[in-house]
2 protein chains.
Amino acid sequence: MTRQASSAEKSGDTLKDRTLERLQKLILTGDLEPGAKLLETQVATQLDVSRATLREAMVQLSEIGLLAYIPFRGTFLRTLDPVDLDEIYSFRTGLEKMAFQFCWDKRDLISLADLQMRNNRLCDCISDNDPYGAIMAEMHLHSWCYELSGHTLLLQSWGRLKPNLQFYFAMHQKAHGRGGPLRESHDQYLQLAQGNSLDAMLNHLEDHMRQGLENTMRFLKERNVSQNA
Amino acid sequence: MTRQASSAEKSGDTLKDRTLERLQKLILTGDLEPGAKLLETQVATQLDVSRATLREAMVQLSEIGLLAYIPFRGTFLRTLDPVDLDEIYSFRTGLEKMAFQFCWDKRDLISLADLQMRNNRLCDCISDNDPYGAIMAEMHLHSWCYELSGHTLLLQSWGRLKPNLQFYFAMHQKAHGRGGPLRESHDQYLQLAQGNSLDAMLNHLEDHMRQGLENTMRFLKERNVSQNA
DNA sequence: ATTTATATTATTGTCGACAATCTTAAAATT
DNA sequence: AATTTTAAGATTGTCGACAATAATATAAAT
């Protein structure tokens, strides 16, 4: 009966999957320093799993990009320099434009109501002054187009990019005190997503993302989140 | 000193990385049946590594999509139904369009000569009646824009998609006898990539990819590569 | 004969131990 | 004192063994 007493969390059936999720949550909490080394023995002990199990989870997180693996030297929490942020935002822009192209003709009353609901949840989190919840809610809002697209590869790609975004937001939040999304930041996004001009939506995405990047860069100039050694 | 920075991606320093590469090559050879179960003990013995090492490599290949992992049931070689092919091609189109947008202003004499060389290599393989080499050469040709873009995320994404394409081509080749790329298939691609109209290039990409998909679908109707259980 | 139940086998999941490598500290040399 | 060498310790890489689960074969029941 070596079974983990881990309160039967919602996630995967196997210990490796639960470990992956727990480690990811640990990272996205923002308690760890970017670039910090993750000692296998230490983390494994902390999560109460064997190193082999932990390592399989780490391989996956390295593939996502949250961790950086260097052979024989260790696995490190990712860093975020301006170039990284620029790449994340530009890639995200292209990805989300693709998603909207694929989901555009699949929109219906139900899915649009779903979108509205996701935005409401985001607004609630902002009202409740819950920055962490707001981050998650915003991610969930943006997940809408990927899910609706029904495009597996697109959804997977977003699934890998998303944690990196969440990580940045967590860092931002941690360092800046507060800095979640504004209440009205997605008004136009919602409106255009419900409209009938795909081009207008795509153009707005560029603007929306660019604005996010500019906010980010402005923040970076004030206080460095981290820099590579 | 440490040679960790940007070490050539040939064969990793660690056994896990070499195993990953060997297993991938084994898969891309096309000797395995799509959907076939990979018995850990058997493969580990065949590659002369421990199961733990093999499993780490398998996790990575599952993340790429070449393998499909089902908890407690095993890891299976991916399958390719028409929906998969459609997704691969459409995603590839979006990705490569992004790549050309990012690399467009970075083109110069040297990089364009490089592109020309990659195409020459492809033509050589076709002339030499070397289908496997032609597949690799075509992949290498298309990698050009990703590499030139300097966009890490984009390059990574292509790096994950590429093996799936190679896998399909290997299946195609295996089943169809011959079916590599045609000699002149990239003439316009090359010409436009050297030109000064990004829009024309992007439009051609849509056509180029659509044509590839159509060829693929035509082939699928003749003979099923595989179907899900 | 078909179906259900049970036992057996095979395979995956997880672990702890040892080997290879890196890091750090101390010693030796200049 | 600074640099190089060497030794000690810490950390990662790899392995084989055992546990948990699934797949298969056998027996029992209808």
# chains A, B, ... in the order shown; residues from 1 in each chain; ligands from 1
call {"tool": "closest_atom_pairs", "arguments": {"of": "chain D", "to": "chain A", "cutoff": "9 Å", "atoms": "only C-alpha atoms (C1' of nucleotides)", "output": "JSON lines"}}
result
{"residue": "D:DT11", "atom": "C1'", "partner": "A:Leu39", "partner_atom": "CA", "distance": 7.7}
{"residue": "D:DT12", "atom": "C1'", "partner": "A:Phe72", "partner_atom": "CA", "distance": 5.5}
{"residue": "D:DG13", "atom": "C1'", "partner": "A:Phe72", "partner_atom": "CA", "distance": 7.6}
{"residue": "D:DA19", "atom": "C1'", "partner": "A:Thr2", "partner_atom": "CA", "distance": 8.5}
call {"tool": "write_last_selection", "arguments": {"atoms": "N, CA and C atoms (P, O5', C5', C4', C3', O3' and C1' of nucleotides)", "output": "PDB file, in the first residue's frame"}}
result
ATOM      1  P    DT D  11      23.051  18.622  -3.430  1.00  0.00           P
ATOM      2  O5'  DT D  11      22.895  18.079  -4.914  1.00  0.00           O
ATOM      3  C5'  DT D  11      23.520  18.784  -5.977  1.00  0.00           C
ATOM      4  C4'  DT D  11      23.382  18.008  -7.270  1.00  0.00           C
ATOM      5  C3'  DT D  11      21.998  17.398  -7.498  1.00  0.00           C
ATOM      6  O3'  DT D  11      21.486  17.868  -8.733  1.00  0.00           O
ATOM      7  C1'  DT D  11      23.696  15.800  -7.893  1.00  0.00           C
ATOM      8  P    DT D  12      20.078  17.371  -9.335  1.00  0.00           P
ATOM      9  O5'  DT D  12      20.540  16.489 -10.580  1.00  0.00           O
ATOM     10  C5'  DT D  12      21.419  17.044 -11.557  1.00  0.00           C
ATOM     11  C4'  DT D  12      22.021  15.959 -12.408  1.00  0.00           C
ATOM     12  C3'  DT D  12      21.017  15.164 -13.247  1.00  0.00           C
ATOM     13  O3'  DT D  12      21.537  14.986 -14.557  1.00  0.00           O
ATOM     14  C1'  DT D  12      22.287  13.688 -11.950  1.00  0.00           C
ATOM     15  P    DG D  13      20.698  14.222 -15.700  1.00  0.00           P
ATOM     16  O5'  DG D  13      21.352  12.766 -15.674  1.00  0.00           O
ATOM     17  C5'  DG D  13      22.638  12.591 -16.263  1.00  0.00           C
ATOM     18  C4'  DG D  13      22.946  11.112 -16.454  1.00  0.00           C
ATOM     19  C3'  DG D  13      21.895  10.312 -17.229  1.00  0.00           C
ATOM     20  O3'  DG D  13      22.555   9.434 -18.135  1.00  0.00           O
ATOM     21  C1'  DG D  13      22.192   9.352 -15.081  1.00  0.00           C
ATOM     22  P    DA D  19       6.706  -6.369  -3.624  1.00  0.00           P
ATOM     23  O5'  DA D  19       5.699  -5.281  -4.214  1.00  0.00           O
ATOM     24  C5'  DA D  19       5.944  -3.900  -3.964  1.00  0.00           C
ATOM     25  C4'  DA D  19       4.889  -3.043  -4.640  1.00  0.00           C
ATOM     26  C3'  DA D  19       3.456  -3.552  -4.530  1.00  0.00           C
ATOM     27  O3'  DA D  19       2.583  -2.447  -4.423  1.00  0.00           O
ATOM     28  C1'  DA D  19       4.098  -3.490  -6.812  1.00  0.00           C
TER      29       DA D  19
END
call {"tool": "calpha_fit_rmsd", "arguments": {"fixed": "chain B", "moving": "chain A"}}
result
4.0 Å
call {"tool": "residues_around", "arguments": {"residues": "His208 of chain A", "least_positions_apart": "5", "cutoff": "12 Å", "atoms": "only C-alpha atoms (C1' of nucleotides)", "output": "number ranges by chain"}}
result
A: 89-90, 92-93, 96-97, 142, 181, 185-190, 192, 200-203, 213-215
call {"tool": "write_last_selection", "arguments": {"atoms": "C-alpha atoms", "output": "PDB file, in the first residue's frame"}}
result
ATOM      1  CA  TYR A  89       3.367  37.253 -27.548  1.00  0.00           C
ATOM      2  CA  SER A  90       4.039  37.081 -31.248  1.00  0.00           C
ATOM      3  CA  ARG A  92       0.441  33.637 -29.327  1.00  0.00           C
ATOM      4  CA  THR A  93      -0.886  36.189 -31.780  1.00  0.00           C
ATOM      5  CA  GLU A  96      -4.901  32.734 -31.841  1.00  0.00           C
ATOM      6  CA  LYS A  97      -5.447  34.154 -35.286  1.00  0.00           C
ATOM      7  CA  HIS A 142      -8.728  32.836 -24.528  1.00  0.00           C
ATOM      8  CA  PRO A 181      -6.193  42.332 -16.484  1.00  0.00           C
ATOM      9  CA  SER A 185      -9.841  44.854 -21.591  1.00  0.00           C
ATOM     10  CA  HIS A 186     -11.868  42.247 -23.431  1.00  0.00           C
ATOM     11  CA  ASP A 187     -14.955  44.212 -24.337  1.00  0.00           C
ATOM     12  CA  GLN A 188     -13.961  44.675 -27.932  1.00  0.00           C
ATOM     13  CA  TYR A 189     -12.624  41.145 -28.064  1.00  0.00           C
ATOM     14  CA  LEU A 190     -16.040  39.823 -27.061  1.00  0.00           C
ATOM     15  CA  LEU A 192     -15.848  41.246 -32.419  1.00  0.00           C
ATOM     16  CA  ALA A 200     -11.829  42.814 -37.937  1.00  0.00           C
ATOM     17  CA  MET A 201     -11.357  40.122 -35.319  1.00  0.00           C
ATOM     18  CA  LEU A 202      -7.917  39.206 -36.635  1.00  0.00           C
ATOM     19  CA  ASN A 203      -6.855  42.819 -36.747  1.00  0.00           C
ATOM     20  CA  LEU A 213       3.236  43.091 -24.958  1.00  0.00           C
ATOM     21  CA  GLU A 214       3.712  46.821 -24.531  1.00  0.00           C
ATOM     22  CA  ASN A 215       2.371  46.685 -21.008  1.00  0.00           C
TER      23      ASN A 215
END
call {"tool": "closest_atom_pairs", "arguments": {"of": "chain C", "to": "chain B", "cutoff": "12 Å", "atoms": "only C-alpha atoms (C1' of nucleotides)", "output": "JSON lines"}}
result
{"residue": "C:DA10", "atom": "C1'", "partner": "B:Leu39", "partner_atom": "CA", "distance": 10.5}
{"residue": "C:DT11", "atom": "C1'", "partner": "B:Leu39", "partner_atom": "CA", "distance": 7.8}
{"residue": "C:DT12", "atom": "C1'", "partner": "B:Phe72", "partner_atom": "CA", "distance": 5.5}
{"residue": "C:DG13", "atom": "C1'", "partner": "B:Phe72", "partner_atom": "CA", "distance": 7.5}
{"residue": "C:DT14", "atom": "C1'", "partner": "B:Ala52", "partner_atom": "CA", "distance": 10.4}
{"residue": "C:DC15", "atom": "C1'", "partner": "B:Ala52", "partner_atom": "CA", "distance": 11.2}
{"residue": "C:DA20", "atom": "C1'", "partner": "B:Thr14", "partner_atom": "CA", "distance": 10.9}
{"residue": "C:DT21", "atom": "C1'", "partner": "B:Thr14", "partner_atom": "CA", "distance": 11.0}
{"residue": "C:DC22", "atom": "C1'", "partner": "B:Thr2", "partner_atom": "CA", "distance": 10.9}
call {"tool": "interface_residues", "arguments": {"of": "chain B", "to": "chain A", "cutoff": "10 Å", "atoms": "only C-alpha atoms", "output": "ChimeraX atom specification"}}
result
/B:4-5,12-14,16-17,52-53,55-60,62-65,71-72,83-84,86-88,90-95,97-99,102,150-154,156-157,160-161
call {"tool": "residues_around", "arguments": {"residues": "DT26 of chain D", "least_positions_apart": "6", "cutoff": "9 Å", "atoms": "only C-alpha atoms (C1' of nucleotides)", "output": "number ranges by chain"}}
result
C: 6-8
call {"tool": "write_last_selection", "arguments": {"atoms": "N, CA, C and O atoms (P, O5', C5', C4', C3', O3' and C1' of nucleotides)", "output": "PDB file, in the first residue's frame"}}
result
ATOM      1  P    DT C   6     -15.533 -15.333  -8.127  1.00  0.00           P
ATOM      2  O5'  DT C   6     -14.138 -15.998  -8.525  1.00  0.00           O
ATOM      3  C5'  DT C   6     -14.088 -17.427  -8.737  1.00  0.00           C
ATOM      4  C4'  DT C   6     -12.748 -17.788  -9.368  1.00  0.00           C
ATOM      5  C3'  DT C   6     -11.524 -17.153  -8.702  1.00  0.00           C
ATOM      6  O3'  DT C   6     -10.674 -18.189  -8.227  1.00  0.00           O
ATOM      7  C1'  DT C   6     -11.397 -16.996 -11.051  1.00  0.00           C
ATOM      8  P    DA C   7      -9.385 -17.860  -7.367  1.00  0.00           P
ATOM      9  O5'  DA C   7      -8.237 -18.185  -8.428  1.00  0.00           O
ATOM     10  C5'  DA C   7      -8.215 -19.466  -9.064  1.00  0.00           C
ATOM     11  C4'  DA C   7      -7.201 -19.456 -10.206  1.00  0.00           C
ATOM     12  C3'  DA C   7      -5.799 -19.018  -9.806  1.00  0.00           C
ATOM     13  O3'  DA C   7      -4.857 -19.887 -10.415  1.00  0.00           O
ATOM     14  C1'  DA C   7      -6.562 -17.676 -11.577  1.00  0.00           C
ATOM     15  P    DT C   8      -3.360 -19.950  -9.936  1.00  0.00           P
ATOM     16  O5'  DT C   8      -2.544 -19.531 -11.236  1.00  0.00           O
ATOM     17  C5'  DT C   8      -2.928 -20.107 -12.507  1.00  0.00           C
ATOM     18  C4'  DT C   8      -2.456 -19.213 -13.642  1.00  0.00           C
ATOM     19  C3'  DT C   8      -1.019 -18.692 -13.498  1.00  0.00           C
ATOM     20  O3'  DT C   8      -0.250 -19.198 -14.576  1.00  0.00           O
ATOM     21  C1'  DT C   8      -2.495 -16.979 -14.202  1.00  0.00           C
TER      22       DT C   8
END
call {"tool": "select_by_dssp", "arguments": {"residues": "segment 58-211 of chain B", "states": "helix (DSSP H, G or I)", "output": "PyMOL selection string"}}
result
chain B and resi 58-64+82-106+109-127+131-149+152-176+183-194+198-211
call {"tool": "select_by_dssp", "arguments": {"residues": "chain B", "states": "strand (DSSP E or B)", "output": "MDAnalysis selection string"}}
result
chainID B and resid 37:38 67:70 74:77
call {"tool": "atom_distance", "arguments": {"atom1": "atom C1' of DG16 of chain C", "atom2": "atom CA of Leu20 of chain A"}}
result
21.0 Å
